[in-house]
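Inspection log for the structure reproduced underneath, given as structure tokens.
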Amino acid sequence: MKRIKILFLILFVTATCLINAQDDFEAKLLSRFHTITSEEMMTWMEKLCSPEFQGRLSGTPEFIAGAEWVAGMLKEWGIKPGGDNGTYFQWFDAPYTVVNDIGTLSLKITQTDGSSIIKNYTYPDEFYPGMNSGTGEITAEVVFAGFGVTAPELGYDDYKGIDVKGKIVLVNRDVPPTDARNPEYSKWVKYCYHQFKLENAVRHGAAGFLYVDGASANPNISYDPSIIVSGIGLQPLADIFSGLNTTNAAVIEKIRKSITPASFTTGKTMTIRANTTRHSEGRGCNVVGIIEGTDPVLKDEAIIIGGHLDAVGKAGKVVNGALDNGSGVVDIMGAAKAMAQSGIKLKRSVVFLFIGGEETGLHGSRLHAEKPALPKEKTIVYINLDMVGNGTGLVVNASAPYKQLLTYFEEANTKYIHRPFRGSAPEPIDYYGRPRSDTYNFSSRGYRTMSLFTTGTVKKIYYHLPGDDPDAVTIEIMEDVAKMIYVALTTMANDENLKF
Ligand SMILES: [Zn+2]
């Protein structure tokens, strides 16, 4: 009888301790939960979008100033450096181009009496300066070159049967197949890069490059001093096709259906003028902070959460990159500060990664995936945030078959946040090979990955355009994203049952 009493006593004490530990965990968790505020997050957003950082183009001194500001905040919160030689910075070469003025795009229109007039287009709706353009002026005939792809092994060449030497090529983004989930698509991936398209135009002797790319800022394209580049909007595109009994969209549709090139000379003459300065000496960086785990075994396991800090800089007006991706940066900062100050000792280590060089070609994420702050083999997951701050609902994706990772976020939302929530696995498109986000650099190297998004867009999106300012984000959802990350990561970092 006595033995049973003692057993009960032991059970009672153990249970009480567990409950107390749980209460203590929850009390600490909640004590910082409410200190994540949209007001403070907005001050960070305004700082990131201030004239000081000039749109944070990777490689520029202004980007580095932005990186130093983020590192300073991590330091203030007691988050340790995880970059090169005990610093917060992980450096890489980042050549960049300064657009000195917006340049011009114009069309020569021949009148019925043989005389001609010049039609000038307006920035930013009708044309957008090529952000890695050579400097100078080119007046030449425009040749439609489809997707600008030469793929001998696929029996496809947009340059077959046309002569583009000294001419201006008109090139569309992407590749003929549209479904990135189709295994066929993987054969085309290397041709979908902006870099490939520009270099291919140079190889064929083109002197000008008009890119049908939504007429927005695009620093993610090769630099070649011999070619003058401009983004082209709808009006000049329509003018090029006027009198040809077709449209760019119709020809592209035809190519997509038949996977057969349909290039032709348009008979229209345009002028592109660009004024740029190349800085091949540019250096860019990631900012890396770590909260080290305290469990003797689990501390070697890392959770990486990252988002790109760079934006597209300035071509004409500054593009501040509030939604893309000040939102992701500020979401992570909100969670990082709370995690550093909650008083909860994390068992696993958490790496906060503020990525450079995303907009110029996913450079920072490639570097970190190859040289992570903590060993890749022990990394639980890489979680990416890109444009997470416009809407009313939350979306969390995880790479299949690691659905389990979703539960931390789902539970955080169910318990504390109560937003519409959608969790799914596997990671969509990126996982299949369209190299358009930092997640790709991790998933393609064998990391488990997750991505966070917001849904139910409530504000106009100025994607890579002037106007992507602090008032283009919904700061309330950002507060909730930061809170969800804070709860989910704290729980994930301390869950002893999480094993792969
Ligand atoms: Zn982005």
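Here, A, B, ... name the chains of the structure tokens in the order displayed, residue numbers run from 1 inside each chain, and ligands are numbered from 1 in the same displayed order.
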Report task. List the neighbours of A:Phe144 out to 10 Å using only C-alpha atoms; skip same-chain residues closer than 5 positions along the sequence, and give me the result as a PyMOL selection string. Result -> chain A and resi 158-159+162+164+168-172+210+240-241+248+251+262-266
With N, CA and C atoms retained, export the selected residues as a short mmCIF file (atom, residue, chain, number, x, y, z; two decimals), in the first residue's frame.
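Contents of again20.cif, freshly written:
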data_model
loop_
_atom_site.label_atom_id
_atom_site.label_comp_id
_atom_site.auth_asym_id
_atom_site.auth_seq_id
_atom_site.Cartn_x
_atom_site.Cartn_y
_atom_site.Cartn_z
N ASP A 158 14.93 29.82 -82.40
CA ASP A 158 14.21 31.05 -82.77
C ASP A 158 15.00 31.90 -83.76
N TYR A 159 16.31 31.64 -83.89
CA TYR A 159 17.14 32.47 -84.78
C TYR A 159 17.32 31.84 -86.16
N ILE A 162 16.51 33.84 -89.80
CA ILE A 162 16.46 35.30 -89.70
C ILE A 162 17.88 35.83 -89.55
N VAL A 164 19.90 38.74 -87.78
CA VAL A 164 19.73 39.79 -86.78
C VAL A 164 20.99 40.65 -86.60
N ILE A 168 17.76 45.01 -84.04
CA ILE A 168 17.19 44.94 -82.69
C ILE A 168 16.29 43.70 -82.64
N VAL A 169 16.56 42.79 -81.70
CA VAL A 169 15.69 41.62 -81.57
C VAL A 169 14.60 41.89 -80.54
N LEU A 170 13.41 41.37 -80.83
CA LEU A 170 12.28 41.44 -79.91
C LEU A 170 12.10 40.04 -79.33
N VAL A 171 12.29 39.92 -78.00
CA VAL A 171 12.33 38.60 -77.38
C VAL A 171 11.33 38.54 -76.22
N ASN A 172 10.61 37.43 -76.12
CA ASN A 172 9.66 37.20 -75.02
C ASN A 172 10.31 36.39 -73.91
N LEU A 210 15.03 44.12 -77.24
CA LEU A 210 13.77 44.58 -76.64
C LEU A 210 13.14 43.37 -75.94
N ILE A 240 4.66 47.95 -83.16
CA ILE A 240 5.54 47.10 -83.97
C ILE A 240 4.70 46.13 -84.82
N PHE A 241 3.62 45.64 -84.24
CA PHE A 241 2.79 44.66 -84.95
C PHE A 241 1.70 45.31 -85.81
N ASN A 248 1.79 40.17 -80.95
CA ASN A 248 2.83 39.40 -80.26
C ASN A 248 2.20 38.21 -79.52
N VAL A 251 1.23 35.33 -81.93
CA VAL A 251 2.37 34.56 -82.43
C VAL A 251 2.94 33.65 -81.33
N ALA A 262 8.60 30.94 -85.00
CA ALA A 262 7.86 31.71 -86.01
C ALA A 262 8.47 33.12 -86.11
N SER A 263 9.79 33.17 -86.26
CA SER A 263 10.49 34.46 -86.27
C SER A 263 10.34 35.15 -87.62
N PHE A 264 10.40 36.48 -87.60
CA PHE A 264 10.28 37.24 -88.85
C PHE A 264 10.78 38.67 -88.64
N THR A 265 11.12 39.32 -89.75
CA THR A 265 11.50 40.73 -89.65
C THR A 265 10.23 41.57 -89.72
N THR A 266 10.16 42.58 -88.86
CA THR A 266 8.90 43.33 -88.73
C THR A 266 8.80 44.50 -89.69
#
Dump as a tab-separated table the rows for residues of chain A within 7 Å of ligand 1: closest atom pair and distance in Å with one decimal, only C-alpha atoms and all ligand atoms counted, ordered by chain and rising residue number.
residue	atom	partner	partner_atom_place_in_ligand_line	distance
A:His308	CA	ligand 1	1 (Zn)	6.5
A:Asp324	CA	ligand 1	1 (Zn)	4.6
A:Asn325	CA	ligand 1	1 (Zn)	5.1
A:Glu359	CA	ligand 1	1 (Zn)	6.9
A:Asp386	CA	ligand 1	1 (Zn)	5.1
A:Met387	CA	ligand 1	1 (Zn)	6.0
Query raised in the report: Could you pull out the alpha helix (DSSP H) residues of stretch 160-242 of chain A from DSSP and send them as a PyMOL selection string?
Result: chain A and resi 194-203+234-241
Report task. Do a neighbour search on A:Gln54 at 7 Å with only C-alpha atoms, toss out local chain neighbours closer than 6 positions, and write the hits as a PyMOL selection string. Result -> chain A and resi 62+313-314+318+320
Query raised in the report: Could you name the residues that touch A:Val229 at 8 Å or less, counting only C-alpha atoms, but leaving out those on the same chain fewer than 5 positions away, as number ranges by chain?
Result: A: 129-134, 208-211, 272, 274
Report task. Just list the residues in stretch 217-394 of chain A DSSP gives strand (DSSP E) on the backbone, as a PyMOL selection string. Result -> chain A and resi 228-232+264-279+283-291+302-308+314-315+317-318+349-355+379-385+393-394
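Distance-wise, atom CA of A:Asp295 and atom CA of A:Lys483 end up 24.1 Å apart.
Here the question is which of A:Pro372, A:Pro225, A:Gly155, A:Gly78 gets nearest to A:Ala336 using only C-alpha atoms, and that residue is A:Gly78.
Pairwise distance (atom CA of A:Tyr416, atom CA of A:Asn384) equals 21.9 Å.
Residue nearest A:Pro81 within the list A:Lys347, A:Glu358, A:Glu292, A:Arg436: A:Glu292 [criterion: smallest interatomic distance, only C-alpha atoms].
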